[in-house]
Amino acid sequence: AIAVKKFNTKPKEGISYLIGEKLINEGNSIGIATFLHEASGLAKGPLGEFLGQRDNSAILSAYVSLFDFSSLDFDIALRYVLFSFFIYLY
């Protein structure tokens, strides 16, 4: 719950908290993506802002890989991912 609150306020602080508490390893894109995918209560805005940063492209890739698209048509799968966070255009 603390990590989610920190992430919703300042995403990098939430991730730093998880690393500091040894809940995920630093540089572990899959671990970070799993937290982002499974944690309840994450705000879509900070999630989209975090995933949209260029230096987080490995985390974004890992995050998308956690979705199961096997039984979905392309358009439904795309909507499924895009509704999981807000996209910010810079």
# chains A, B, ... in the order shown; residues from 1 in each chain; ligands from 1

call {"tool": "closest_atom_pairs", "arguments": {"of": "region 43-67 of chain A", "to": "region 7-15 of chain A", "cutoff": "8 Å", "atoms": "only C-alpha atoms", "output": "tab-separated table"}}
result
residue	atom	partner	partner_atom	distance
A:Ala43	CA	A:Asn8	CA	5.7
A:Pro46	CA	A:Asn8	CA	5.8
A:Leu47	CA	A:Pro11	CA	7.4
A:Phe50	CA	A:Pro11	CA	6.4

call {"tool": "select_by_dssp", "arguments": {"residues": "chain A", "states": "helix (DSSP H, G or I)", "output": "PyMOL selection string"}}
result
chain A and resi 2-9+11-20+29-38+44-51+54-65+74-82

call {"tool": "residues_around", "arguments": {"residues": "region 65-71 of chain A", "least_positions_apart": "4", "cutoff": "8 Å", "atoms": "only C-alpha atoms", "output": "PyMOL selection string"}}
result
chain A and resi 33-34+37+61+77+81

call {"tool": "write_last_selection", "arguments": {"atoms": "all heavy atoms", "output": "PDB file, in the first residue's frame"}}
result
ATOM      1  N   ALA A  33       7.580  -4.234 -13.843  1.00  0.00           N
ATOM      2  CA  ALA A  33       6.376  -4.381 -14.666  1.00  0.00           C
ATOM      3  C   ALA A  33       5.328  -5.232 -13.960  1.00  0.00           C
ATOM      4  O   ALA A  33       4.129  -4.932 -14.035  1.00  0.00           O
ATOM      5  CB  ALA A  33       6.734  -5.004 -16.012  1.00  0.00           C
ATOM      6  N   THR A  34       5.758  -6.271 -13.277  1.00  0.00           N
ATOM      7  CA  THR A  34       4.820  -7.130 -12.546  1.00  0.00           C
ATOM      8  C   THR A  34       4.122  -6.336 -11.446  1.00  0.00           C
ATOM      9  O   THR A  34       2.905  -6.449 -11.268  1.00  0.00           O
ATOM     10  CB  THR A  34       5.542  -8.353 -11.963  1.00  0.00           C
ATOM     11  OG1 THR A  34       6.129  -9.084 -13.044  1.00  0.00           O
ATOM     12  CG2 THR A  34       4.597  -9.252 -11.199  1.00  0.00           C
ATOM     13  N   HIS A  37       1.598  -4.091 -13.095  1.00  0.00           N
ATOM     14  CA  HIS A  37       0.493  -4.847 -13.681  1.00  0.00           C
ATOM     15  C   HIS A  37      -0.452  -5.401 -12.611  1.00  0.00           C
ATOM     16  O   HIS A  37      -1.667  -5.463 -12.821  1.00  0.00           O
ATOM     17  CB  HIS A  37       1.062  -5.989 -14.526  1.00  0.00           C
ATOM     18  CG  HIS A  37       0.060  -6.688 -15.372  1.00  0.00           C
ATOM     19  ND1 HIS A  37      -0.523  -7.874 -14.991  1.00  0.00           N
ATOM     20  CD2 HIS A  37      -0.477  -6.372 -16.579  1.00  0.00           C
ATOM     21  CE1 HIS A  37      -1.364  -8.258 -15.932  1.00  0.00           C
ATOM     22  NE2 HIS A  37      -1.352  -7.364 -16.905  1.00  0.00           N
ATOM     23  N   SER A  61       7.866  -2.638 -22.270  1.00  0.00           N
ATOM     24  CA  SER A  61       7.848  -3.896 -23.019  1.00  0.00           C
ATOM     25  C   SER A  61       7.495  -5.070 -22.110  1.00  0.00           C
ATOM     26  O   SER A  61       6.676  -5.928 -22.466  1.00  0.00           O
ATOM     27  CB  SER A  61       9.210  -4.124 -23.672  1.00  0.00           C
ATOM     28  OG  SER A  61       9.221  -5.315 -24.395  1.00  0.00           O
ATOM     29  N   ALA A  77      -7.486  -6.425 -28.044  1.00  0.00           N
ATOM     30  CA  ALA A  77      -6.226  -6.503 -27.299  1.00  0.00           C
ATOM     31  C   ALA A  77      -5.605  -5.115 -27.143  1.00  0.00           C
ATOM     32  O   ALA A  77      -5.133  -4.757 -26.061  1.00  0.00           O
ATOM     33  CB  ALA A  77      -5.259  -7.450 -28.003  1.00  0.00           C
ATOM     34  N   VAL A  81      -4.956  -2.978 -23.501  1.00  0.00           N
ATOM     35  CA  VAL A  81      -3.713  -2.367 -23.023  1.00  0.00           C
ATOM     36  C   VAL A  81      -3.891  -0.868 -22.827  1.00  0.00           C
ATOM     37  O   VAL A  81      -3.522  -0.315 -21.794  1.00  0.00           O
ATOM     38  CB  VAL A  81      -2.546  -2.630 -23.996  1.00  0.00           C
ATOM     39  CG1 VAL A  81      -1.320  -1.825 -23.605  1.00  0.00           C
ATOM     40  CG2 VAL A  81      -2.206  -4.105 -24.026  1.00  0.00           C
TER      41      VAL A  81
END

call {"tool": "residues_around", "arguments": {"residues": "Leu18 (chain A)", "least_positions_apart": "2", "cutoff": "10 Å", "atoms": "only C-alpha atoms", "output": "ChimeraX atom specification"}}
result
/A:2-4,6-7,12-16,20-26,31-32,35

call {"tool": "write_last_selection", "arguments": {"atoms": "N, CA and C atoms", "output": "compact mmCIF listing (two decimals), in the first residue's frame"}}
result
# COMPACT_ATOMS: atom_id res chain seq x y z
N ILE A 2 1.98 1.22 0.72
CA ILE A 2 2.86 2.38 0.77
C ILE A 2 3.46 2.65 -0.60
N ALA A 3 3.90 1.59 -1.28
CA ALA A 3 4.51 1.74 -2.60
C ALA A 3 3.50 2.32 -3.60
N VAL A 4 2.25 1.88 -3.52
CA VAL A 4 1.21 2.39 -4.42
C VAL A 4 0.98 3.88 -4.16
N LYS A 6 3.04 6.04 -2.85
CA LYS A 6 4.22 6.78 -3.32
C LYS A 6 4.23 6.86 -4.84
N PHE A 7 3.91 5.74 -5.50
CA PHE A 7 3.91 5.72 -6.96
C PHE A 7 2.88 6.69 -7.51
N LYS A 12 8.65 7.54 -9.58
CA LYS A 12 10.03 7.09 -9.30
C LYS A 12 10.25 6.82 -7.82
N GLU A 13 9.58 7.58 -6.97
CA GLU A 13 9.70 7.34 -5.53
C GLU A 13 9.07 6.01 -5.14
N GLY A 14 7.96 5.66 -5.77
CA GLY A 14 7.33 4.37 -5.51
C GLY A 14 8.24 3.21 -5.90
N ILE A 15 8.88 3.32 -7.06
CA ILE A 15 9.80 2.28 -7.50
C ILE A 15 11.03 2.24 -6.59
N SER A 16 11.54 3.40 -6.22
CA SER A 16 12.69 3.45 -5.31
C SER A 16 12.35 2.82 -3.96
N GLY A 20 14.31 -0.19 -2.34
CA GLY A 20 14.86 0.00 -0.99
C GLY A 20 14.39 -1.06 0.00
N GLU A 21 13.15 -1.50 -0.16
CA GLU A 21 12.59 -2.53 0.72
C GLU A 21 12.94 -3.94 0.23
N LYS A 22 13.71 -4.01 -0.85
CA LYS A 22 14.14 -5.28 -1.45
C LYS A 22 12.97 -6.14 -1.92
N LEU A 23 11.89 -5.46 -2.35
CA LEU A 23 10.74 -6.17 -2.91
C LEU A 23 10.94 -6.45 -4.39
N ILE A 24 11.77 -5.63 -5.03
CA ILE A 24 12.21 -5.87 -6.41
C ILE A 24 13.68 -5.49 -6.50
N ASN A 25 14.38 -6.04 -7.46
CA ASN A 25 15.78 -5.71 -7.66
C ASN A 25 15.91 -4.53 -8.61
N GLU A 26 16.88 -3.67 -8.34
CA GLU A 26 17.12 -2.53 -9.21
C GLU A 26 17.48 -3.03 -10.61
N GLY A 31 10.31 -7.37 -12.84
CA GLY A 31 9.81 -7.17 -11.48
C GLY A 31 9.02 -5.88 -11.34
N ILE A 32 9.53 -4.81 -11.92
CA ILE A 32 8.83 -3.52 -11.89
C ILE A 32 7.52 -3.63 -12.66
N PHE A 35 4.87 -5.52 -10.73
CA PHE A 35 4.25 -4.65 -9.72
C PHE A 35 3.22 -3.74 -10.37

call {"tool": "residues_around", "arguments": {"residues": "Leu60 (chain A)", "least_positions_apart": "6", "cutoff": "10 Å", "atoms": "only C-alpha atoms", "output": "number ranges by chain"}}
result
A: 29-30, 32-33, 36, 48, 50-54

call {"tool": "closest_residue", "arguments": {"among": "A:Val64, A:Ile87, A:Leu72, A:Leu78", "to": "Glu49 (chain A)", "atoms": "only C-alpha atoms"}}
result
A:Ile87

call {"tool": "closest_residue", "arguments": {"among": "A:Ser84, A:Ala1, A:Gly45, A:Ile76", "to": "Tyr63 (chain A)", "atoms": "only C-alpha atoms"}}
result
A:Ser84
